[in-house]
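*Asks:* This is the content of work-v6.csv (CSV, C-alpha atoms):
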chain,number,residue,atom,x,y,z
A,20,MET,CA,64.5,33.6,4.0
A,21,ARG,CA,61.3,33.2,1.9
A,22,ILE,CA,59.1,34.1,4.9
A,23,GLN,CA,61.2,37.3,5.4
A,24,LYS,CA,60.8,38.3,1.8
A,25,ILE,CA,57.0,37.8,2.0
A,26,VAL,CA,56.8,39.9,5.2
A,27,LEU,CA,58.9,42.7,3.5
A,28,PHE,CA,56.6,42.5,0.4
A,29,ILE,CA,53.4,42.8,2.5
A,30,SER,CA,55.0,45.7,4.4
A,31,PHE,CA,55.7,47.4,1.1
A,32,LEU,CA,52.2,46.9,-0.1
A,33,ILE,CA,50.7,48.4,3.1
A,34,GLY,CA,53.1,51.4,3.0
A,35,THR,CA,52.3,52.0,-0.7
A,36,SER,CA,48.6,51.8,0.1
A,37,LEU,CA,48.8,54.3,2.9
A,38,TYR,CA,50.8,56.9,1.0
A,39,SER,CA,48.6,56.5,-2.2
A,40,GLN,CA,45.5,57.4,-0.2
A,41,LYS,CA,44.5,61.0,0.2
A,42,GLN,CA,44.3,62.7,3.6
A,43,PHE,CA,42.0,65.7,4.2
A,44,VAL,CA,42.3,68.1,7.1
A,45,PHE,CA,39.2,69.7,8.6
A,46,PHE,CA,39.4,73.0,10.7
A,47,GLY,CA,36.8,74.7,12.9
A,48,SER,CA,37.0,78.4,13.8
A,49,TYR,CA,35.4,81.3,15.5
A,50,ASN,CA,33.9,83.3,12.5
A,51,TRP,CA,31.4,85.2,14.7
A,52,ASP,CA,28.8,85.7,12.0
A,53,LYS,CA,27.2,83.8,9.1
A,54,GLY,CA,28.6,84.7,5.8
A,55,SER,CA,32.2,84.4,6.9
A,56,GLU,CA,34.1,81.1,6.4
A,57,ALA,CA,33.7,78.8,9.4
A,58,VAL,CA,34.6,75.2,8.5
A,59,TYR,CA,37.6,74.6,6.2
A,60,VAL,CA,38.9,71.6,4.4
A,61,TYR,CA,42.5,71.2,3.2
A,62,GLU,CA,44.3,68.4,1.5
A,63,LEU,CA,47.5,67.2,3.1
A,64,ASP,CA,50.4,66.3,0.9
A,65,ASN,CA,51.6,62.9,2.4
A,66,ASP,CA,55.2,63.6,1.3
A,67,THR,CA,55.8,67.2,2.2
A,68,GLY,CA,53.1,68.1,4.7
A,69,LYS,CA,51.9,70.9,2.6
A,70,LEU,CA,48.3,72.0,3.1
A,71,SER,CA,46.1,73.0,0.1
A,72,LYS,CA,42.7,74.5,0.6
A,73,VAL,CA,39.9,72.6,-1.2
A,74,ALA,CA,36.6,73.7,0.4
A,75,SER,CA,34.9,75.7,3.1
A,76,SER,CA,31.5,76.5,4.6
A,77,SER,CA,30.0,79.8,5.9
A,78,ASP,CA,26.7,78.2,6.9
A,79,VAL,CA,27.3,78.2,10.7
A,80,ILE,CA,28.6,80.4,13.5
A,81,ASN,CA,31.6,79.6,15.7
A,82,PRO,CA,32.1,75.9,15.1
A,83,GLY,CA,34.7,75.7,17.9
A,84,TYR,CA,35.1,71.9,17.8
A,85,ILE,CA,34.5,69.4,15.0
A,86,THR,CA,34.7,65.6,14.5
A,87,VAL,CA,34.5,63.3,11.5
A,88,SER,CA,32.4,60.2,11.1
A,89,SER,CA,34.3,56.9,10.9
A,90,ASP,CA,33.5,56.5,7.2
A,91,GLY,CA,34.6,60.1,6.5
A,92,LYS,CA,31.3,61.1,4.8
A,93,TYR,CA,30.1,63.5,7.5
A,94,ILE,CA,31.6,66.3,9.5
A,95,TYR,CA,29.9,67.4,12.8
A,96,ALA,CA,30.5,70.6,14.7
A,97,SER,CA,29.8,72.1,18.1
A,98,SER,CA,28.5,75.4,16.7
A,99,ASP,CA,27.3,78.7,18.1
A,100,ALA,CA,30.1,78.5,20.7
A,101,LYS,CA,30.6,81.5,22.9
A,102,THR,CA,27.0,82.7,22.1
A,103,PRO,CA,25.1,83.8,25.2
A,104,ASN,CA,22.4,81.3,26.3
A,105,TYR,CA,22.6,79.3,23.1
A,106,GLY,CA,24.4,76.4,21.5
A,107,THR,CA,24.0,74.1,18.5
A,108,VAL,CA,25.4,71.1,16.8
A,109,SER,CA,25.7,71.1,13.0
A,110,SER,CA,26.2,68.5,10.3
A,111,PHE,CA,28.0,68.6,6.9
A,112,ALA,CA,28.5,66.1,4.1
A,113,PHE,CA,32.0,65.8,2.6
A,114,ASP,CA,32.6,64.3,-0.8
A,115,ALA,CA,36.3,63.3,-1.0
A,116,GLU,CA,36.1,62.8,-4.8
A,117,LYS,CA,34.5,66.1,-5.6
A,118,LYS,CA,36.3,67.8,-2.7
A,119,SER,CA,33.0,69.4,-1.7
A,120,LEU,CA,31.5,70.3,1.7
A,121,THR,CA,27.7,70.7,2.0
A,122,PHE,CA,25.8,71.9,5.1
A,123,LEU,CA,23.0,69.5,6.1
A,124,ASN,CA,21.3,70.7,9.3
A,125,GLN,CA,21.5,71.9,12.8
A,126,GLN,CA,20.0,71.1,16.3
A,127,LYS,CA,20.0,73.0,19.6
A,128,THR,CA,22.1,71.5,22.3
A,129,GLY,CA,20.1,72.7,25.3
A,130,GLY,CA,23.2,74.2,26.8
A,131,GLU,CA,25.4,77.3,26.4
A,132,ASN,CA,28.8,77.2,24.7
A,133,PRO,CA,29.3,73.8,23.1
A,134,VAL,CA,33.0,72.9,23.3
A,135,TYR,CA,33.3,69.2,22.2
A,136,VAL,CA,31.4,66.9,19.9
A,137,ASN,CA,32.1,63.2,19.1
A,138,VAL,CA,30.4,60.5,17.0
A,139,ASP,CA,30.4,56.8,17.8
A,140,LYS,CA,31.9,54.2,15.5
A,141,SER,CA,28.6,52.9,14.2
A,142,GLY,CA,27.7,56.4,13.0
A,143,LYS,CA,24.4,56.3,14.8
A,144,TRP,CA,25.0,58.7,17.7
A,145,LEU,CA,26.4,62.1,18.3
A,146,ILE,CA,27.3,63.4,21.8
A,147,ASN,CA,28.0,67.0,22.6
A,148,ALA,CA,29.3,68.7,25.8
A,149,THR,CA,28.6,72.4,26.6
A,150,TYR,CA,30.8,74.4,29.0
A,151,ASN,CA,29.1,77.5,30.3
A,152,GLN,CA,25.9,75.6,31.2
A,153,ALA,CA,27.4,72.1,31.8
A,154,THR,CA,25.4,69.6,29.8
A,155,ILE,CA,25.7,66.4,27.8
A,156,SER,CA,23.4,66.0,24.9
A,157,VAL,CA,23.0,62.8,22.8
A,158,PHE,CA,21.5,63.0,19.3
A,159,PRO,CA,20.5,60.2,16.9
A,160,LEU,CA,22.1,60.4,13.5
A,161,LEU,CA,20.0,59.7,10.4
A,162,ASP,CA,21.2,57.6,7.4
A,163,ASN,CA,21.8,60.8,5.4
A,164,GLY,CA,24.1,62.3,8.0
A,165,LYS,CA,21.6,64.7,9.4
A,166,ILE,CA,21.2,65.2,13.2
A,167,ASP,CA,17.9,64.2,14.7
A,168,SER,CA,16.4,65.8,17.9
A,169,ILE,CA,17.9,65.2,21.3
A,170,ALA,CA,17.5,61.7,22.7
A,171,GLN,CA,19.2,62.3,26.1
A,172,HIS,CA,20.2,65.4,28.0
A,173,PHE,CA,22.0,65.7,31.3
A,174,LYS,CA,22.7,68.8,33.3
A,175,PHE,CA,25.5,69.3,35.9
A,176,THR,CA,25.8,72.1,38.3
A,177,GLU,CA,28.3,71.7,41.2
A,178,GLY,CA,31.9,72.8,40.8
A,179,SER,CA,34.7,71.9,43.1
A,180,GLY,CA,35.3,75.6,44.0
A,181,VAL,CA,39.0,75.1,44.4
A,182,ASN,CA,39.7,77.7,41.7
A,183,PRO,CA,37.0,80.3,42.3
A,184,LYS,CA,37.3,81.9,38.8
A,185,ARG,CA,37.2,78.6,36.9
A,186,GLN,CA,35.5,76.1,39.1
A,187,GLU,CA,32.6,78.0,40.5
A,188,LYS,CA,30.3,75.4,38.8
A,189,ALA,CA,30.5,72.4,36.6
A,190,HIS,CA,32.1,72.8,33.2
A,191,THR,CA,31.9,69.7,31.0
A,192,HIS,CA,34.8,69.9,28.5
A,193,SER,CA,35.1,66.7,26.4
A,194,VAL,CA,33.4,63.5,25.2
A,195,VAL,CA,35.6,60.5,24.5
A,196,PHE,CA,34.6,57.0,23.4
A,197,SER,CA,36.6,53.9,24.5
A,198,PRO,CA,38.2,52.0,21.5
A,199,ASP,CA,35.5,49.3,21.9
A,200,SER,CA,32.8,51.9,22.1
A,201,LYS,CA,31.3,50.4,25.3
A,202,THR,CA,32.2,53.4,27.5
A,203,VAL,CA,32.1,57.2,27.2
A,204,LEU,CA,34.2,59.4,29.4
A,205,PHE,CA,33.4,63.0,30.1
A,206,ALA,CA,36.0,65.5,31.6
A,207,ASP,CA,34.4,68.0,33.9
A,208,LEU,CA,36.9,70.8,34.4
A,209,GLY,CA,34.8,72.7,36.9
A,210,ALA,CA,34.0,69.8,39.2
A,211,ASP,CA,37.4,68.1,39.0
A,212,GLN,CA,35.8,64.9,37.9
A,213,ILE,CA,35.9,62.3,35.1
A,214,LEU,CA,32.4,60.9,34.5
A,215,GLN,CA,32.0,57.4,33.1
A,216,TYR,CA,28.9,56.1,31.3
A,217,PRO,CA,28.3,52.7,29.7
A,218,PHE,CA,27.3,53.0,26.1
A,219,ASP,CA,25.3,50.7,23.9
A,220,ALA,CA,24.8,51.9,20.3
A,221,SER,CA,21.9,49.4,19.8
A,222,GLN,CA,19.8,51.0,22.6
A,223,ASN,CA,17.8,54.2,22.4
A,224,PRO,CA,18.9,56.1,24.4
A,225,PRO,CA,22.5,54.7,24.3
A,226,LEU,CA,24.0,56.1,27.5
A,227,ILE,CA,23.1,53.9,30.5
A,228,LYS,CA,22.6,56.5,33.2
A,229,ASN,CA,21.8,54.2,36.1
A,230,LYS,CA,25.2,52.5,35.7
A,231,SER,CA,27.2,55.7,35.4
A,232,THR,CA,30.1,56.4,37.8
A,233,PHE,CA,32.7,59.1,38.3
A,234,ILE,CA,36.1,59.6,39.9
A,235,ASN,CA,37.4,62.8,41.6
A,236,THR,CA,40.7,64.1,40.1
A,237,LYS,CA,43.2,66.1,42.2
A,238,PRO,CA,41.5,69.2,43.7
A,239,GLY,CA,42.0,72.2,41.3
A,240,SER,CA,43.4,70.1,38.5
A,241,GLY,CA,40.7,70.9,35.9
A,242,PRO,CA,40.6,67.9,33.6
A,243,ARG,CA,40.1,69.0,30.0
A,244,HIS,CA,40.7,66.4,27.3
A,245,ILE,CA,41.1,62.7,27.4
A,246,THR,CA,42.7,60.0,25.1
A,247,PHE,CA,42.7,56.2,25.3
A,248,SER,CA,45.6,53.9,24.5
A,249,LYS,CA,44.9,51.9,21.3
A,250,ASN,CA,44.0,48.7,23.3
A,251,GLY,CA,41.8,50.7,25.6
A,252,LYS,CA,43.6,49.6,28.8
A,253,LEU,CA,45.0,53.0,29.6
A,254,VAL,CA,43.5,56.5,29.8
A,255,TYR,CA,45.4,59.8,29.7
A,256,SER,CA,43.8,63.0,30.9
A,257,ILE,CA,45.3,66.4,30.5
A,258,GLU,CA,44.6,68.9,33.3
A,259,GLU,CA,44.3,72.5,32.1
A,260,LEU,CA,44.5,74.2,35.5
A,261,ALA,CA,47.3,72.1,37.0
A,262,GLY,CA,49.4,71.6,33.8
A,263,MET,CA,49.5,67.9,34.4
A,264,ILE,CA,48.7,64.6,32.7
A,265,SER,CA,47.1,61.9,34.9
A,266,VAL,CA,47.6,58.3,33.7
A,267,TYR,CA,44.9,55.7,34.6
A,268,ASP,CA,44.8,52.0,34.4
A,269,PHE,CA,41.5,51.0,32.7
A,270,SER,CA,42.1,47.3,32.2
A,271,ASP,CA,39.1,46.3,34.2
A,272,SER,CA,36.9,49.3,33.0
A,273,ASN,CA,37.6,51.2,36.2
A,274,LEU,CA,39.8,54.3,36.3
A,275,LYS,CA,42.8,53.8,38.7
A,276,GLU,CA,45.5,56.5,38.7
A,277,ILE,CA,49.0,55.1,38.2
A,278,GLN,CA,51.0,58.3,37.4
A,279,ARG,CA,50.7,62.1,37.4
A,280,ILE,CA,53.3,64.0,35.4
A,281,ALA,CA,53.8,67.7,34.5
A,282,THR,CA,53.4,69.0,30.9
A,283,HIS,CA,55.9,71.7,31.6
A,284,PRO,CA,59.5,72.2,33.0
A,285,ASP,CA,59.9,72.6,36.8
A,286,LYS,CA,60.7,76.3,36.4
A,287,ILE,CA,57.1,77.0,35.4
A,288,THR,CA,55.0,77.1,38.5
A,289,GLU,CA,51.8,78.9,37.6
A,290,GLY,CA,49.6,80.1,34.8
A,291,PHE,CA,49.1,76.7,33.3
A,292,GLU,CA,46.9,76.4,30.2
A,293,SER,CA,47.3,72.8,29.1
A,294,SER,CA,44.9,72.0,26.3
A,295,ASP,CA,45.0,68.9,24.2
A,296,VAL,CA,46.5,65.3,24.3
A,297,HIS,CA,47.0,62.5,21.7
A,298,ILE,CA,49.0,59.3,21.3
A,299,SER,CA,50.9,58.5,18.1
A,300,PRO,CA,49.4,55.7,16.0
A,301,ASP,CA,52.1,53.3,17.0
A,302,GLY,CA,51.5,54.0,20.7
A,303,LYS,CA,55.1,54.8,21.4
A,304,PHE,CA,54.7,58.6,22.0
A,305,LEU,CA,52.2,60.9,23.7
A,306,TYR,CA,52.0,64.7,22.8
A,307,ALA,CA,50.3,67.5,24.8
A,308,THR,CA,49.9,71.2,24.0
A,309,ASN,CA,50.4,74.0,26.4
A,310,ARG,CA,49.0,77.5,25.8
A,311,GLY,CA,49.7,80.6,28.0
A,312,LYS,CA,53.4,81.6,28.3
A,313,GLU,CA,54.6,78.3,26.9
A,314,ASN,CA,52.9,77.8,23.5
A,315,ASN,CA,54.5,74.4,23.0
A,316,ILE,CA,54.0,70.7,22.5
A,317,ALA,CA,55.3,68.5,25.4
A,318,ILE,CA,56.6,65.2,24.1
A,319,PHE,CA,56.6,62.0,26.1
A,320,LYS,CA,57.8,58.5,25.6
A,321,VAL,CA,55.2,55.8,26.5
A,322,LEU,CA,56.9,53.2,28.6
A,323,ASN,CA,56.0,49.5,28.6
A,324,ASP,CA,53.7,49.8,31.6
A,325,GLY,CA,51.9,52.8,30.0
A,326,LYS,CA,53.5,55.4,32.2
A,327,LEU,CA,55.1,58.5,30.6
A,328,GLU,CA,58.7,59.8,30.4
A,329,SER,CA,59.2,63.4,29.4
A,330,ILE,CA,61.7,63.7,26.5
A,331,GLY,CA,61.3,67.2,25.2
A,332,TYR,CA,59.3,70.3,24.1
A,333,GLN,CA,58.6,71.9,20.7
A,334,LYS,CA,57.5,75.5,20.3
A,335,THR,CA,54.4,75.6,18.1
A,336,GLY,CA,55.5,78.8,16.3
A,337,GLY,CA,52.2,80.4,17.2
A,338,LYS,CA,50.1,81.6,20.1
A,339,HIS,CA,47.4,79.6,22.0
A,340,PRO,CA,47.6,76.1,20.5
A,341,ARG,CA,44.1,75.0,21.4
A,342,THR,CA,44.1,71.6,19.6
A,343,PHE,CA,46.2,69.4,17.4
A,344,ALA,CA,45.9,66.2,15.5
A,345,ILE,CA,48.2,63.4,14.3
A,346,ASP,CA,47.7,62.1,10.8
A,347,GLU,CA,46.9,58.4,10.3
A,348,THR,CA,50.4,57.6,8.9
A,349,GLY,CA,51.9,59.0,12.1
A,350,LYS,CA,54.1,61.2,10.0
A,351,PHE,CA,52.7,64.7,10.7
A,352,ILE,CA,51.2,66.7,13.6
A,353,ILE,CA,49.1,69.7,12.8
A,354,VAL,CA,48.5,72.4,15.4
A,355,THR,CA,45.9,75.2,15.6
A,356,ASN,CA,47.1,78.5,17.1
A,357,VAL,CA,44.0,80.5,17.9
A,358,ILE,CA,45.5,83.9,18.9
A,359,SER,CA,48.1,84.0,16.1
A,360,GLN,CA,45.3,82.7,13.8
A,361,ASP,CA,47.5,80.1,12.0
A,362,VAL,CA,48.2,76.4,11.6
A,363,THR,CA,51.6,74.8,12.0
A,364,VAL,CA,52.6,71.5,10.5
A,365,PHE,CA,55.3,69.4,12.1
A,366,LYS,CA,57.0,66.2,10.7
A,367,ARG,CA,57.5,63.5,13.3
A,368,ASN,CA,60.6,61.4,13.7
A,369,LEU,CA,59.0,58.0,14.0
A,370,GLU,CA,62.0,56.6,15.9
A,371,THR,CA,62.6,59.4,18.4
A,372,GLY,CA,59.2,61.1,18.6
A,373,MET,CA,60.8,64.5,18.1
A,374,LEU,CA,59.2,67.2,15.8
A,375,LYS,CA,60.4,69.4,13.0
A,376,LYS,CA,58.4,72.3,11.6
A,377,VAL,CA,57.7,72.0,7.8
A,378,GLY,CA,56.7,74.8,5.5
A,379,LYS,CA,55.2,78.1,6.5
A,380,PRO,CA,52.2,78.5,8.9
A,381,VAL,CA,48.9,78.6,7.1
A,382,LYS,CA,46.7,81.6,8.0
A,383,ILE,CA,43.2,80.7,9.1
A,384,LYS,CA,41.2,83.3,10.9
A,385,ASN,CA,40.5,82.4,14.6
A,386,VAL,CA,41.2,78.7,13.9
A,387,THR,CA,40.2,76.5,16.9
A,388,CYS,CA,40.1,72.8,16.0
A,389,VAL,CA,41.7,70.3,13.6
A,390,LYS,CA,40.8,66.7,12.5
A,391,ILE,CA,42.5,64.6,9.9
A,392,LYS,CA,41.0,61.7,7.9
A,393,MET,CA,42.4,59.3,5.3
A,394,TYR,CA,40.3,58.5,2.3
What is this structure when it is put down as structure tokens?

*Replies:*
Amino acid sequence: MRIQKIVLFISFLIGTSLYSQKQFVFFGSYNWDKGSEAVYVYELDNDTGKLSKVASSSDVINPGYITVSSDGKYIYASSDAKTPNYGTVSSFAFDAEKKSLTFLNQQKTGGENPVYVNVDKSGKWLINATYNQATISVFPLLDNGKIDSIAQHFKFTEGSGVNPKRQEKAHTHSVVFSPDSKTVLFADLGADQILQYPFDASQNPPLIKNKSTFINTKPGSGPRHITFSKNGKLVYSIEELAGMISVYDFSDSNLKEIQRIATHPDKITEGFESSDVHISPDGKFLYATNRGKENNIAIFKVLNDGKLESIGYQKTGGKHPRTFAIDETGKFIIVTNVISQDVTVFKRNLETGMLKKVGKPVKIKNVTCVKIKMY
């Protein structure tokens, strides 16, 4: 009985700590010209899900994708997206106490249309992927959060050609670190491939090219985004062109497909525009967004073996849900709807995984990306 009381008390302390901390939400957007707001910061009410704007920056153009350093001090953006023959990555400092966002610096990516950026756990390295000219660029990060010049740069050319309009050449679309930070996976939508590079943050450069491998996904699938299970033993890849999620066993650091499941009902047979994928913090549910005619969130239960079971769909309330994020408590999901230019907040049922819309959509012009961080 005494042990049970101690466990309940510890659980209470953890819960109290989580909900007493502040959560900030960061948004990227297509602003198209300097002088217009581009990166936005909102505070998330941990009880109601209400978003309150606290800061913004108009120092960059088209920060289509953003990421947050593990300590929450710095925000990095794939900027100058959709700019012909150009692309940059940008850095910002965020002060959670002052609720201030300060532009730091910018570097060229060496490729056109940057679409994904990620930072390793050590905070030493930033990796960016560009889409139109398929490249991977690796940048050292300085102690003050600024981005140093490129340390590694890889170009990719060959597409699978299965979809002539979308796969005429390579199109790298995402950069994802394994939970132990020893591996980086890159989804190449144009080549129908997932690239795998060993990563060592202590080395310069950190990507070990001569030990890189790849797998071919289903022809015409168009892998877009990737997420790992918390223990790193499973990988889930959402396929934009096929409207599917491929599940891979990664227990021995080699990708082995164990399931492929649709993100849409059987009645939908074409026009797939699947976009983003994430797992709830407790690992029990996986969520995936569909754009196009669907504009919804597909909800899956994660089974004991890591495979997925479809359990429902939730309309996003907007058009073209490009990205979404789950807050660190697992209580809320926040979705960015690009075409309707708004953000929708959903409350998660922690037991069933189902979603319920809360509050009114927040209007953000051409919003493209969302990240959430607890402070």

*Asks:* Between atom CA of Leu204 of chain A and atom CA of Pro340 of chain A, what distance in Å does the model show, to one decimal?

*Replies:*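 Separation of atom CA of Leu204 of chain A and atom CA of Pro340 of chain A: 23.2 Å.
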
*Asks:* Taking all atoms listed in the file into account, which of A:Phe113, A:Val203, A:Gln126, A:Phe247 comes nearest Phe269 of chain A?

*Replies:*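 The closest residue to Phe269 of chain A is A:Phe247.
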
*Asks:* Quick one: residues within 9 Å of (35.7, 70.7, 34.8) (file frame), counting all atoms listed in the file, please, as a ChimeraX atom specification.

*Replies:* /A:150,153,178-179,185-186,188-192,206-213,240-243

*Asks:* Suppose you want the space between atom CA of Leu374 of chain A and atom CA of Asp285 of chain A; what is it in Å?

*Replies:*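 Result for atom CA of Leu374 of chain A versus atom CA of Asp285 of chain A: 21.7 Å, one decimal.
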
*Asks:* Between A:Ser293, A:Ser329, A:Ser193, A:Ser110, single out the one closest to His244 of chain A, counting all atoms listed in the file.

*Replies:*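 Checking each of A:Ser293, A:Ser329, A:Ser193, A:Ser110 against His244 of chain A, counting all atoms listed in the file, the winner is A:Ser193.
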
*Asks:* Kindly give the distance, in Å, that separates atom CA of Gly106 of chain A and atom CA of Lys382 of chain A, rounded to a single decimal.

*Replies:*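 Taking atom CA of Gly106 of chain A as the start and atom CA of Lys382 of chain A as the end point, the length is 26.6 Å.
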
*Asks:* Counting all atoms listed in the file, which residue out of A:Ala115, A:Lys326, A:Asp199, A:Gln222 sits closest to Tyr255 of chain A?

*Replies:*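 Among A:Ala115, A:Lys326, A:Asp199, A:Gln222, it is A:Lys326 that comes nearest to Tyr255 of chain A.
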
*Asks:* From the list A:Arg341, A:Lys230, A:His297, A:Lys184, which residue is nearest Phe218 of chain A when using only C-alpha atoms?

*Replies:*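 Selected residue with least distance to Phe218 of chain A: A:Lys230.
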
*Asks:* Taking only C-alpha atoms into account, name the residue in A:Gln333, A:Asn323, A:Ser156, A:Ser55 that is nearest to Lys303 of chain A.

*Replies:*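 For Lys303 of chain A, the nearest of the candidates is A:Asn323.
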
*Asks:* Which of these residues is nearest to Val60 of chain A, using all atoms listed in the file: A:Asp167, A:Asp271, A:Asp114, A:Asp99?

*Replies:*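 Of all the options, A:Asp114 lies closest to Val60 of chain A.
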
*Asks:* Leaving out segment 159-164 of chain A and any residue of its chain fewer than 3 positions from it, which residues lie within 8 Å of it when counting only C-alpha atoms, given as a ChimeraX atom specification?

*Replies:* /A:92-93,110-112,123,142-145,167-170
